[in-house]
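Structure file structure24.txt; described as compact mmCIF, C-alpha atoms.
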```
# COMPACT_ATOMS: atom_id res chain seq x y z
CA MET B 1364 -21.23 -13.28 21.43
CA ALA B 1365 -19.11 -11.24 19.03
CA PRO B 1366 -19.80 -7.47 19.18
CA ASP B 1367 -20.70 -7.22 15.48
CA ARG B 1368 -23.18 -10.10 15.90
CA ALA B 1369 -24.75 -8.46 18.94
CA ARG B 1370 -25.16 -5.19 17.04
CA GLY B 1371 -26.80 -7.06 14.19
CA LEU B 1372 -29.23 -8.83 16.47
CA SER B 1373 -30.13 -5.60 18.23
CA ARG B 1374 -31.19 -4.21 14.85
CA ARG B 1375 -33.31 -7.29 14.18
CA ASP B 1376 -34.72 -7.09 17.72
CA PHE B 1377 -35.90 -3.56 17.04
CA VAL B 1378 -37.57 -4.52 13.75
CA THR B 1379 -39.22 -7.57 15.33
CA ALA B 1380 -40.60 -5.43 18.15
CA ALA B 1381 -41.97 -2.91 15.66
CA VAL B 1382 -43.76 -5.65 13.70
CA ALA B 1383 -45.29 -6.97 16.92
CA ILE B 1384 -46.60 -3.51 17.85
CA GLY B 1385 -47.96 -2.70 14.38
CA GLY B 1386 -49.48 0.55 13.14
CA THR B 1387 -48.06 3.52 11.30
CA SER B 1388 -45.91 4.74 14.21
CA ALA B 1389 -44.19 1.36 14.38
CA LEU B 1390 -43.83 1.41 10.58
CA THR B 1391 -42.12 4.80 10.68
CA ALA B 1392 -39.75 3.69 13.43
CA CYS B 1393 -39.02 0.45 11.61
CA MET B 1394 -38.23 2.28 8.37
CA GLU B 1395 -35.87 4.64 10.15
CA ARG B 1396 -34.02 1.77 11.81
CA GLU B 1397 -33.76 -0.15 8.55
CA ARG B 1398 -32.07 2.92 7.07
CA SER B 1399 -29.43 2.71 9.82
CA PRO B 1400 -25.73 2.37 8.87
CA THR B 1401 -24.69 -0.93 7.36
CA ASP B 1402 -22.40 -1.80 10.27
CA ASP B 1403 -25.58 -2.52 12.24
CA ALA B 1404 -26.55 -5.37 9.88
CA THR B 1405 -26.41 -9.08 10.61
CA THR B 1406 -25.13 -10.42 7.30
CA ALA B 1407 -23.64 -9.15 4.09
CA SER B 1408 -26.97 -9.56 2.34
CA GLU B 1409 -28.70 -7.46 5.01
CA SER B 1410 -26.01 -4.79 4.77
CA GLU B 1411 -26.94 -4.38 1.10
CA THR B 1412 -30.61 -3.82 2.01
CA PRO B 1413 -31.73 -0.53 0.44
CA SER B 1414 -33.91 2.10 2.04
CA PRO B 1415 -37.59 1.08 2.18
CA SER B 1416 -38.53 3.41 -0.71
CA GLU B 1417 -36.19 1.40 -2.94
CA TYR B 1418 -37.43 -2.13 -2.27
CA PRO B 1419 -38.19 -3.95 -5.52
CA GLN B 1420 -41.69 -3.28 -6.76
CA GLY B 1421 -43.83 -6.05 -8.18
CA ASP B 1422 -46.08 -6.91 -11.09
CA PRO B 1423 -49.46 -8.56 -10.39
CA GLU B 1424 -49.28 -10.28 -13.78
CA SER B 1425 -46.19 -12.22 -12.66
CA VAL B 1426 -47.67 -13.57 -9.40
CA PRO B 1427 -48.63 -17.30 -9.46
CA SER B 1428 -52.29 -18.25 -9.62
CA GLY B 1429 -52.04 -20.31 -6.43
CA GLN B 1430 -51.80 -17.95 -3.46
CA HIS B 1431 -49.80 -20.61 -1.63
CA ARG B 1432 -47.21 -21.09 -4.37
CA TRP B 1433 -44.27 -19.54 -2.58
CA GLY B 1434 -41.63 -22.24 -3.10
CA GLU B 1435 -39.85 -20.62 -6.05
CA TYR B 1436 -39.89 -17.26 -4.29
CA LEU B 1437 -38.28 -18.22 -0.97
CA VAL B 1438 -34.63 -18.07 0.04
CA ARG B 1439 -32.95 -21.49 0.05
CA ASP B 1440 -30.06 -22.67 2.17
CA ALA B 1441 -26.99 -24.58 0.99
CA HIS B 1442 -28.96 -27.86 1.08
CA GLY B 1443 -31.88 -26.56 -0.98
CA ASN B 1444 -34.24 -26.23 2.01
CA THR B 1445 -36.58 -23.26 1.88
CA VAL B 1446 -35.88 -20.65 4.55
CA PRO B 1447 -39.01 -18.99 5.98
CA PRO B 1448 -38.98 -15.17 5.98
CA GLN B 1449 -38.03 -13.65 9.31
CA GLN B 1450 -41.17 -11.59 9.98
CA LEU B 1451 -44.73 -12.93 10.09
CA VAL B 1452 -48.04 -11.13 10.58
CA THR B 1453 -51.32 -13.08 10.69
CA VAL B 1454 -54.36 -10.79 10.61
CA GLY B 1455 -57.78 -12.14 11.56
CA LEU B 1456 -60.53 -10.41 9.58
CA GLU B 1457 -64.20 -9.65 10.17
CA TYR B 1458 -66.36 -9.34 7.08
CA GLU B 1459 -68.42 -6.13 6.96
CA GLY B 1460 -69.60 -6.20 3.36
CA SER B 1461 -72.81 -7.20 1.63
CA VAL B 1462 -74.30 -10.69 1.55
CA PRO B 1463 -73.75 -11.74 -1.14
CA PRO B 1464 -70.82 -9.47 -2.00
CA THR B 1465 -71.40 -6.89 -4.71
CA ASP B 1466 -69.27 -6.59 -7.83
CA GLU B 1467 -68.03 -3.25 -6.52
CA GLU B 1468 -66.87 -4.85 -3.26
CA ARG B 1469 -65.06 -7.62 -5.11
CA GLU B 1470 -63.35 -5.08 -7.33
CA GLN B 1471 -62.35 -3.06 -4.27
CA VAL B 1472 -60.75 -6.06 -2.54
CA GLU B 1473 -58.97 -7.19 -5.70
CA ASN B 1474 -57.63 -3.70 -6.37
CA ALA B 1475 -56.37 -3.45 -2.79
CA LEU B 1476 -54.52 -6.75 -3.11
CA GLU B 1477 -53.09 -5.82 -6.49
CA THR B 1478 -51.86 -2.55 -5.00
CA ILE B 1479 -49.55 -4.34 -2.58
CA GLU B 1480 -48.50 -6.72 -5.36
CA ARG B 1481 -47.38 -3.67 -7.32
CA ALA B 1482 -45.71 -2.14 -4.30
CA TYR B 1483 -43.65 -5.21 -3.38
CA GLN B 1484 -42.23 -7.99 -5.51
CA TRP B 1485 -43.45 -11.54 -4.88
CA GLY B 1486 -40.89 -12.80 -2.35
CA THR B 1487 -37.43 -13.04 -3.86
CA GLY B 1488 -38.81 -12.31 -7.31
CA GLY B 1489 -37.79 -15.82 -8.35
CA ASP B 1490 -34.07 -15.20 -7.81
CA ALA B 1491 -32.81 -18.72 -7.13
CA GLY B 1492 -29.63 -17.42 -5.49
CA ALA B 1493 -31.26 -14.82 -3.25
CA ALA B 1494 -29.85 -14.70 0.28
CA PHE B 1495 -32.42 -12.23 1.57
CA ASN B 1496 -36.15 -11.85 0.92
CA ARG B 1497 -36.72 -8.19 0.06
CA GLY B 1498 -40.26 -8.75 -1.18
CA LEU B 1499 -43.64 -9.75 0.24
CA LEU B 1500 -45.52 -13.03 0.28
CA PHE B 1501 -49.15 -13.18 1.37
CA THR B 1502 -52.23 -15.40 1.29
CA LEU B 1503 -55.87 -14.53 1.95
CA GLY B 1504 -58.08 -17.36 3.21
CA TYR B 1505 -61.77 -17.58 4.11
CA ALA B 1506 -63.28 -19.38 7.10
CA PRO B 1507 -66.27 -21.74 7.00
CA ARG B 1508 -68.32 -19.09 8.82
CA TYR B 1509 -67.82 -16.69 5.89
CA PHE B 1510 -69.08 -19.30 3.45
CA GLU B 1511 -71.97 -20.19 5.77
CA ALA B 1512 -73.09 -16.57 5.60
CA MET B 1513 -72.90 -16.77 1.82
CA GLY B 1514 -75.10 -19.89 1.72
CA GLN B 1515 -72.78 -22.85 1.03
CA VAL B 1516 -69.52 -24.17 2.52
CA PRO B 1517 -66.96 -25.89 0.23
CA GLU B 1518 -66.37 -29.56 1.01
CA SER B 1519 -62.61 -29.11 1.34
CA VAL B 1520 -62.78 -26.91 4.45
CA THR B 1521 -63.82 -27.96 7.96
CA THR B 1522 -64.90 -25.72 10.82
CA PRO B 1523 -62.11 -25.01 13.33
CA GLU B 1524 -64.34 -26.39 16.10
CA ASP B 1525 -64.59 -29.72 14.27
CA VAL B 1526 -60.84 -29.73 13.64
CA LEU B 1527 -60.11 -29.18 17.33
CA ASP B 1528 -62.59 -31.86 18.35
CA ALA B 1529 -61.14 -34.33 15.85
CA VAL B 1530 -57.60 -33.89 17.18
CA GLY B 1531 -58.68 -34.11 20.82
CA GLU B 1532 -58.42 -30.41 21.69
CA ASP B 1533 -60.80 -27.84 23.16
CA PRO B 1534 -63.24 -26.50 20.52
CA THR B 1535 -63.44 -23.19 22.43
CA LYS B 1536 -59.93 -22.45 21.11
CA ALA B 1537 -61.37 -21.98 17.59
CA ASP B 1538 -60.75 -18.75 15.71
CA SER B 1539 -63.87 -16.65 15.31
CA TYR B 1540 -62.58 -14.85 12.23
CA ASP B 1541 -64.35 -14.67 8.87
CA ALA B 1542 -61.05 -14.64 7.00
CA VAL B 1543 -57.31 -14.58 7.63
CA LEU B 1544 -54.47 -12.75 5.93
CA LEU B 1545 -50.90 -14.08 6.16
CA LEU B 1546 -48.13 -11.56 5.44
CA THR B 1547 -44.42 -12.38 5.56
CA SER B 1548 -41.05 -10.93 4.55
CA ASP B 1549 -37.50 -10.64 5.81
CA ILE B 1550 -38.08 -6.89 6.09
CA GLY B 1551 -40.28 -5.56 8.87
CA SER B 1552 -41.33 -2.38 7.06
CA VAL B 1553 -42.54 -4.47 4.10
CA VAL B 1554 -45.09 -6.46 6.15
CA LEU B 1555 -46.05 -3.36 8.14
CA GLY B 1556 -46.35 -1.26 4.98
CA ALA B 1557 -48.54 -3.83 3.23
CA GLU B 1558 -50.76 -4.17 6.29
CA ALA B 1559 -51.11 -0.41 6.70
CA ALA B 1560 -51.88 0.04 3.01
CA LEU B 1561 -54.65 -2.55 3.03
CA PHE B 1562 -56.35 -0.93 6.00
CA GLY B 1563 -56.24 2.64 4.72
CA GLU B 1564 -53.40 3.95 6.86
CA LEU B 1565 -51.07 4.94 4.00
CA ASP B 1566 -51.44 7.05 0.88
CA GLU B 1567 -48.43 5.40 -0.71
CA ALA B 1568 -46.66 2.04 -0.24
CA ASN B 1569 -43.08 1.71 -1.48
CA GLY B 1570 -43.69 4.39 -4.10
CA VAL B 1571 -47.05 3.01 -5.29
CA PRO B 1572 -50.23 5.10 -4.68
CA VAL B 1573 -52.80 3.36 -2.49
CA ASP B 1574 -56.07 3.80 -4.37
CA ALA B 1575 -58.03 0.87 -2.87
CA THR B 1576 -58.22 -0.60 0.64
CA PHE B 1577 -60.25 -3.09 2.69
CA GLU B 1578 -62.23 -0.25 4.31
CA GLY B 1579 -65.93 -1.10 4.63
CA VAL B 1580 -65.36 -4.73 3.60
CA PHE B 1581 -62.93 -6.14 6.16
CA SER B 1582 -61.90 -4.91 9.59
CA LYS B 1583 -59.23 -6.32 11.89
CA ALA B 1584 -60.56 -8.82 14.43
CA GLY B 1585 -57.19 -10.14 15.64
CA ARG B 1586 -53.47 -9.92 15.00
CA HIS B 1587 -50.77 -12.53 15.60
CA THR B 1588 -47.08 -11.89 14.96
CA GLY B 1589 -43.94 -13.95 15.01
CA TYR B 1590 -40.32 -14.20 13.97
CA VAL B 1591 -37.90 -16.89 12.88
CA GLY B 1592 -34.21 -16.73 12.14
CA LYS B 1593 -30.80 -17.99 13.09
CA GLY B 1594 -29.86 -16.64 16.51
CA LEU B 1595 -33.07 -14.73 17.17
CA PRO B 1596 -34.66 -17.04 19.80
CA ALA B 1597 -31.44 -17.26 21.84
CA ASP B 1598 -31.09 -13.49 21.78
CA LYS B 1599 -34.70 -12.57 22.49
CA LEU B 1600 -36.09 -15.28 24.78
CA ASP B 1601 -35.44 -15.66 28.48
CA GLU B 1602 -34.00 -19.17 28.14
CA GLU B 1603 -30.22 -19.36 28.13
CA ARG B 1604 -30.18 -23.01 27.07
CA ILE B 1605 -31.46 -22.30 23.54
CA PRO B 1606 -28.59 -22.98 21.11
CA GLU B 1607 -27.06 -19.72 19.95
CA ASP B 1608 -27.67 -20.41 16.25
CA ALA B 1609 -31.13 -21.98 16.56
CA PRO B 1610 -33.82 -20.46 14.30
CA LEU B 1611 -36.70 -21.61 16.55
CA SER B 1612 -37.20 -21.80 20.31
CA MET B 1613 -37.06 -25.59 20.64
CA GLY B 1614 -33.58 -25.48 19.18
CA PHE B 1615 -33.91 -27.31 15.87
CA LYS B 1616 -34.43 -26.10 12.33
CA SER B 1617 -37.49 -27.28 10.40
CA GLY B 1618 -38.73 -27.37 6.84
CA PHE B 1619 -36.32 -29.98 5.49
CA ARG B 1620 -36.89 -30.33 1.74
CA GLY B 1621 -37.28 -34.10 2.05
CA ASN B 1622 -40.01 -33.70 4.66
CA LEU B 1623 -42.31 -31.37 2.74
CA PRO B 1624 -44.78 -32.22 -0.01
CA GLY B 1625 -44.67 -30.48 -3.36
CA GLU B 1626 -47.07 -27.61 -3.87
CA ASP B 1627 -49.10 -29.63 -6.37
CA ALA B 1628 -49.76 -32.21 -3.65
CA VAL B 1629 -51.43 -29.63 -1.39
CA THR B 1630 -53.42 -27.96 -4.19
CA LEU B 1631 -57.13 -28.58 -4.71
CA SER B 1632 -57.43 -30.53 -7.97
CA SER B 1633 -61.19 -30.24 -8.48
CA GLY B 1634 -64.25 -28.34 -7.37
CA PRO B 1635 -65.14 -24.64 -7.50
CA PHE B 1636 -61.79 -23.61 -6.01
CA ALA B 1637 -59.45 -25.92 -7.91
CA GLY B 1638 -55.97 -24.45 -7.84
CA GLY B 1639 -56.40 -23.21 -4.28
CA THR B 1640 -55.63 -24.87 -0.95
CA THR B 1641 -56.63 -24.90 2.72
CA ILE B 1642 -54.87 -23.14 5.59
CA ALA B 1643 -54.48 -24.34 9.17
CA SER B 1644 -53.48 -21.39 11.35
CA SER B 1645 -52.42 -22.00 14.95
CA THR B 1646 -50.78 -20.48 17.99
CA LEU B 1647 -49.22 -22.97 20.42
CA ALA B 1648 -47.72 -22.37 23.86
CA ILE B 1649 -44.41 -24.18 24.47
CA ASP B 1650 -43.12 -25.33 27.87
CA LEU B 1651 -39.46 -24.52 27.23
CA ASP B 1652 -38.44 -25.02 30.86
CA ARG B 1653 -39.34 -28.71 30.81
CA TRP B 1654 -37.99 -29.12 27.28
CA TYR B 1655 -34.54 -27.83 28.19
CA ASP B 1656 -34.48 -29.64 31.53
CA GLN B 1657 -33.63 -32.70 29.43
CA ARG B 1658 -30.25 -33.69 28.07
CA ALA B 1659 -29.43 -32.88 24.45
CA ASP B 1660 -29.66 -36.54 23.40
CA GLU B 1661 -33.14 -36.80 24.94
CA ARG B 1662 -34.30 -33.74 22.99
CA VAL B 1663 -32.94 -35.20 19.76
CA ALA B 1664 -34.73 -38.52 20.38
CA GLU B 1665 -38.05 -36.80 21.12
CA MET B 1666 -37.86 -34.34 18.23
CA PHE B 1667 -36.72 -36.87 15.60
CA CYS B 1668 -36.52 -40.50 16.76
CA PRO B 1669 -34.46 -42.62 19.20
CA ALA B 1670 -32.25 -43.87 16.35
CA HIS B 1671 -30.91 -40.34 15.83
CA THR B 1672 -27.91 -39.18 17.85
CA THR B 1673 -26.62 -35.72 18.60
CA ASP B 1674 -23.70 -36.43 16.27
CA ASP B 1675 -26.14 -37.30 13.46
CA VAL B 1676 -28.25 -34.21 13.96
CA GLY B 1677 -25.88 -31.50 15.11
CA GLN B 1678 -26.78 -28.87 17.65
CA THR B 1679 -29.66 -27.40 15.63
CA GLY B 1680 -30.27 -30.07 12.97
CA ASP B 1681 -27.70 -28.55 10.63
CA LYS B 1682 -25.99 -31.91 9.97
CA LEU B 1683 -29.15 -33.46 8.53
CA GLY B 1684 -28.87 -31.63 5.22
CA ASP B 1685 -32.14 -31.68 3.31
CA ASP B 1686 -33.95 -34.49 5.15
CA SER B 1687 -34.79 -35.29 8.76
CA GLY B 1688 -33.50 -38.81 8.21
CA VAL B 1689 -36.73 -40.42 9.42
CA THR B 1690 -37.62 -43.32 7.13
CA GLU B 1691 -40.40 -45.86 6.77
CA ALA B 1692 -38.27 -48.25 8.82
CA HIS B 1693 -38.26 -45.77 11.71
CA VAL B 1694 -42.05 -45.58 11.53
CA GLU B 1695 -42.32 -49.36 11.56
CA ASN B 1696 -40.05 -49.42 14.62
CA ILE B 1697 -42.12 -47.05 16.75
CA GLU B 1698 -43.39 -49.79 19.07
CA ALA B 1699 -39.96 -51.41 19.34
CA ASP B 1700 -38.37 -48.03 20.09
CA ALA B 1701 -40.92 -47.36 22.80
CA GLU B 1702 -40.11 -50.69 24.40
CA SER B 1703 -36.32 -50.45 24.12
CA HIS B 1704 -35.76 -46.71 24.58
CA GLY B 1705 -38.79 -45.65 26.58
CA CYS B 1706 -39.50 -42.84 24.11
CA VAL B 1707 -40.57 -42.13 20.53
CA GLY B 1708 -39.90 -39.15 18.28
CA HIS B 1709 -42.19 -36.43 16.99
CA THR B 1710 -40.96 -36.64 13.38
CA GLN B 1711 -41.16 -40.43 13.59
CA LYS B 1712 -44.79 -40.21 14.72
CA VAL B 1713 -46.10 -37.66 12.22
CA ALA B 1714 -44.45 -39.69 9.44
CA ARG B 1715 -47.15 -42.31 10.17
CA ALA B 1716 -49.62 -39.92 8.54
CA ARG B 1717 -47.77 -39.77 5.23
CA ASP B 1718 -49.51 -41.09 2.12
CA ASP B 1719 -48.98 -44.44 0.40
CA GLU B 1720 -45.87 -43.07 -1.33
CA PHE B 1721 -44.50 -41.93 2.04
CA GLU B 1722 -45.03 -38.30 1.07
CA PRO B 1723 -46.06 -35.76 3.75
CA ARG B 1724 -49.56 -34.31 3.62
CA ILE B 1725 -49.02 -30.79 4.98
CA LEU B 1726 -46.69 -28.03 3.82
CA ARG B 1727 -45.25 -25.70 6.45
CA ARG B 1728 -45.84 -22.23 5.06
CA THR B 1729 -45.03 -19.72 7.81
CA GLU B 1730 -43.86 -20.30 11.34
CA GLY B 1731 -42.04 -18.52 14.13
CA VAL B 1732 -41.73 -17.59 17.77
CA ALA B 1733 -44.90 -15.72 18.72
CA THR B 1734 -44.45 -12.09 19.71
CA SER B 1735 -48.15 -11.47 20.36
CA GLN B 1736 -48.06 -13.77 23.44
CA HIS B 1737 -46.38 -11.82 26.22
CA HIS B 1738 -46.87 -14.08 29.24
CA GLN B 1739 -45.42 -17.28 27.79
CA THR B 1740 -43.28 -18.64 24.99
CA ALA B 1741 -45.46 -19.54 22.03
CA PHE B 1742 -45.25 -20.58 18.41
CA GLN B 1743 -47.09 -19.31 15.34
CA PHE B 1744 -47.67 -22.06 12.78
CA ASN B 1745 -49.46 -21.86 9.44
CA SER B 1746 -49.59 -24.82 7.10
CA VAL B 1747 -51.32 -25.50 3.79
CA GLN B 1748 -52.78 -28.84 2.74
CA ARG B 1749 -55.24 -30.11 0.16
CA THR B 1750 -58.00 -30.61 2.74
CA MET B 1751 -58.28 -30.09 6.47
CA ASP B 1752 -58.56 -33.88 6.82
CA ASP B 1753 -54.88 -34.02 5.88
CA PHE B 1754 -54.06 -31.67 8.73
CA VAL B 1755 -56.23 -33.62 11.17
CA GLU B 1756 -54.61 -36.94 10.26
CA THR B 1757 -51.13 -35.50 10.72
CA ARG B 1758 -51.98 -33.85 14.04
CA VAL B 1759 -53.75 -36.96 15.38
CA ALA B 1760 -50.56 -38.96 14.77
CA MET B 1761 -48.96 -36.88 17.54
CA ASN B 1762 -51.45 -38.05 20.19
CA PRO B 1763 -50.22 -40.69 22.69
CA ASP B 1764 -53.61 -42.44 22.76
CA GLU B 1765 -53.16 -43.38 19.10
CA TYR B 1766 -50.54 -45.93 20.16
CA ASP B 1767 -50.87 -49.22 22.04
CA PHE B 1768 -47.69 -48.90 24.11
CA ASP B 1769 -47.52 -47.12 27.45
CA ILE B 1770 -44.69 -44.63 27.95
CA PRO B 1771 -44.73 -41.33 29.86
CA ALA B 1772 -46.36 -38.45 27.99
CA GLU B 1773 -43.18 -36.39 28.28
CA ASN B 1774 -41.33 -39.05 26.26
CA HIS B 1775 -43.99 -39.22 23.53
CA GLY B 1776 -42.50 -36.85 20.98
CA ILE B 1777 -43.09 -33.14 21.66
CA VAL B 1778 -46.86 -33.05 22.04
CA ASP B 1779 -46.70 -32.91 25.85
CA TYR B 1780 -44.73 -29.67 25.66
CA LEU B 1781 -47.36 -27.92 23.52
CA GLU B 1782 -50.69 -26.32 24.40
CA THR B 1783 -53.04 -25.01 21.73
CA LEU B 1784 -54.06 -21.39 22.28
CA ARG B 1785 -55.96 -20.91 19.00
CA ARG B 1786 -56.65 -22.73 15.75
CA GLY B 1787 -58.37 -21.65 12.59
CA SER B 1788 -59.23 -23.38 9.30
CA TYR B 1789 -59.53 -21.50 6.02
CA LEU B 1790 -59.85 -21.96 2.29
CA ALA B 1791 -57.41 -19.97 0.14
CA PRO B 1792 -58.92 -19.72 -3.36
CA PRO B 1793 -56.73 -19.26 -6.43
CA ARG B 1794 -55.91 -15.61 -7.14
CA GLU B 1795 -58.64 -15.22 -9.74
CA LYS B 1796 -61.28 -16.08 -7.09
CA ARG B 1797 -59.66 -14.63 -3.96
CA ALA B 1798 -61.81 -11.48 -3.79
CA LEU B 1799 -64.92 -12.38 -1.77
CA PRO B 1800 -65.66 -15.86 -3.20
CA VAL B 1801 -68.93 -17.73 -3.09
CA VAL B 1802 -69.53 -21.38 -3.99
```

Kindly return the structure encoded in the file as structure tokens.
Amino acid sequence: MAPDRARGLSRRDFVTAAVAIGGTSALTACMERERSPTDDATTASESETPSPSEYPQGDPESVPSGQHRWGEYLVRDAHGNTVPPQQLVTVGLEYEGSVPPTDEEREQVENALETIERAYQWGTGGDAGAAFNRGLLFTLGYAPRYFEAMGQVPESVTTPEDVLDAVGEDPTKADSYDAVLLLTSDIGSVVLGAEAALFGELDEANGVPVDATFEGVFSKAGRHTGYVGKGLPADKLDEERIPEDAPLSMGFKSGFRGNLPGEDAVTLSSGPFAGGTTIASSTLAIDLDRWYDQRADERVAEMFCPAHTTDDVGQTGDKLGDDSGVTEAHVENIEADAESHGCVGHTQKVARARDDEFEPRILRRTEGVATSQHHQTAFQFNSVQRTMDDFVETRVAMNPDEYDFDIPAENHGIVDYLETLRRGSYLAPPREKRALPVV
């Protein structure tokens, strides 16, 4: 590894570790490191990163109504694929307010959220050519248990226990949170600063006074962190077979533009929360040892489909451009591929769950290598979809028992390498109803 690259990764390692630790001490350390000399930066865009007090501030009036509408505010690669921000914090929340919520509590929550919208611009600020995300993106979602306490659960959301049962997993892995807050940015001090501001640990965030917090309404019940980015898994994980430029631990990039639905397709079109969406939030353990015990061509076949070759895909999927290359013909050939190749691909399988127009049903929103799991390699994954049934149908398509052919589980896509550690299901209302909603 080139010395300048190693120095850059060490800077990112430090920031990633600070985000995983959390709290104001980690925020202070993170801010100091991000002020370090520019020769300790990974890319030209990072070297231009200003001190934390100079990050672009935002305007709540310019933020989209749909909390999940991030697409225009994400960095895009040369192929037009969205690039997920490097740092992710998922905060599980316990509701401590009144039942039903008072107007004062709603105003408090809304003011707290608007404070961080003033402190940090919404993602890239809509800069189509941005190479680095200096802003903040976040979504607040509410669990069925919150709505149960309020008297009525929206039809579009399903309990996490029912989701787990429907996909053939252990219902005891269900989140017990009342709500969840997703925070993400390329800058560690931005996610840490927003988190600290919301929970009353800062008087000022990026130059904006903190006049309202979650105190007395929400408390932290859990915290899950992760990272994603070219070269980070190879540098940070104890697995030397991860490709040096891979953004994720299993070696391949994700989020191809041609494999994601539009935001309108995952938006609730009717009902009391029209304009919102649902969130599936998960942490999955990954058996990297067994995954990398295979040859590269075997990993390509199981991640995509047997018709793909290493030459087609490239080491990390970089040759695929803006689409995984899995078509309706590949889906129709699943049984034939199982018979002739003795394996089928993950992307090939989940494509079975696409709609009648062959459009995907779930939109990957944040993902990354989990840093809150210390004893094993794990993956944080948050998707949005119109209803949780869309998530269930897509996840069920991964299960070997959905297929009539008999091949070893380890050759049945990637599902055999994954173990669910937690899952949650949430409704993310539109912004105008995000502060303590009731049906």

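In this model, the gap between CA of Val1580 in chain B and CA of Gly1460 in chain B comes to 4.5 Å.
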
*Spatial neighbours of range 1527-1529 of chain B, 8 Å, all atoms listed in the file, chain gap at least 6 places, as a PyMOL selection string*: chain B and resi 1536-1537+1755+1759+1786

query: Using all atoms listed in the file, what residues lie at most 8 Å away from (-62.5, -15.7, 12.5) (file coordinates), given as a ChimeraX atom specification?
result: /B:1455-1457,1506,1508,1538-1543,1584,1787

**Request:** Compile the contact shell of Pro1507 in chain B as a PyMOL selection string: residues with an atom at most 9 Å away, counting all atoms listed in the file, same-chain residues fewer than 2 positions apart removed.
**Result:** chain B and resi 1505+1509-1512+1515-1517+1520-1523+1541-1542+1788-1790

Near Ala1392 in chain B, counting only C-alpha atoms, which residues have an atom at most 12 Å away, once you skip same-chain residues fewer than 6 positions from it, shown as a list of chain:residue names? B:Arg1374, B:Phe1377, B:Val1378, B:Thr1379, B:Ala1380, B:Ala1381, B:Val1382, B:Ile1384, B:Gly1385, B:Gly1386, B:Arg1398, B:Ser1399, B:Pro1415, B:Gly1551, B:Ser1552, B:Leu1555, B:Gly1556

Any idea what the distance is between CA of Asp1674 in chain B and CA of Asn1696 in chain B?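 If I compute the distance from CA of Asp1674 in chain B to CA of Asn1696 in chain B, I get 20.9 Å.
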
inquiry  = Quick one: residues within 7 Å of range 1760-1768 of chain B, only C-alpha atoms, excluding same-chain residues fewer than 3 positions away - as a list in words?
reply    = Glu1698, His1709, Lys1712, Val1713, Arg1715, Ala1716, Glu1756, Thr1757, Ala1772, His1775 and Val1778 of chain B

Looking at all atoms listed in the file, which of B:Gly1638, B:Pro1596, B:Gly1531, B:Pro1447 is the one that sits closest to Asp1549 in chain B?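 So, comparing all the options, the nearest one is B:Pro1447.
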
Using only C-alpha atoms, the shortest atom-to-atom distance to Ala1482 in chain B among B:Gly1443, B:Pro1463, B:Gly1705, B:Gly1570 belongs to B:Gly1570

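Among B:Ser1617, B:Asn1774, B:Thr1679, B:Asn1496, the residue with the shortest atom-to-atom distance to Gln1657 in chain B, counting all atoms listed in the file, is B:Asn1774.
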
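Nearest-residue note for Cys1393 in chain B: choosing from B:Ala1648, B:Val1554, B:Trp1485, B:Gly1618, the minimum distance belongs to B:Val1554, counting only C-alpha atoms.
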
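We find CA of Trp1654 in chain B and CA of Ala1741 in chain B to be spaced 13.2 Å apart.
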
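In this comparison, which uses all atoms listed in the file, the residue of B:Thr1640, B:Gln1471, B:Thr1487, B:Asn1569 approaching Glu1626 in chain B most closely is B:Thr1640.
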
Using all atoms listed in the file, the best pick from B:Val1629, B:Val1801, B:Val1462, B:Val1663 as closest to Arg1432 in chain B would be B:Val1629

Contact residues around Thr1547 in chain B with only C-alpha atoms at 10 Å, ignoring same-chain residues under 4 positions, as an NGL selection string: :B and (1447-1453 or 1486 or 1496 or 1498-1502 or 1551 or 1553-1555 or 1557 or 1588-1590 or 1728-1730)

Please enclose the listed atoms of range 1790-1799 of chain B in an axis-aligned box, pad each side by 8 Å, and write out the centre and the three edge lengths in Å, rounded to one decimal, as AutoDock Vina command-line options.
```
--center_x -60.4 --center_y -16.7 --center_z -3.7 --size_x 25.0 --size_y 26.5 --size_z 28.0
```
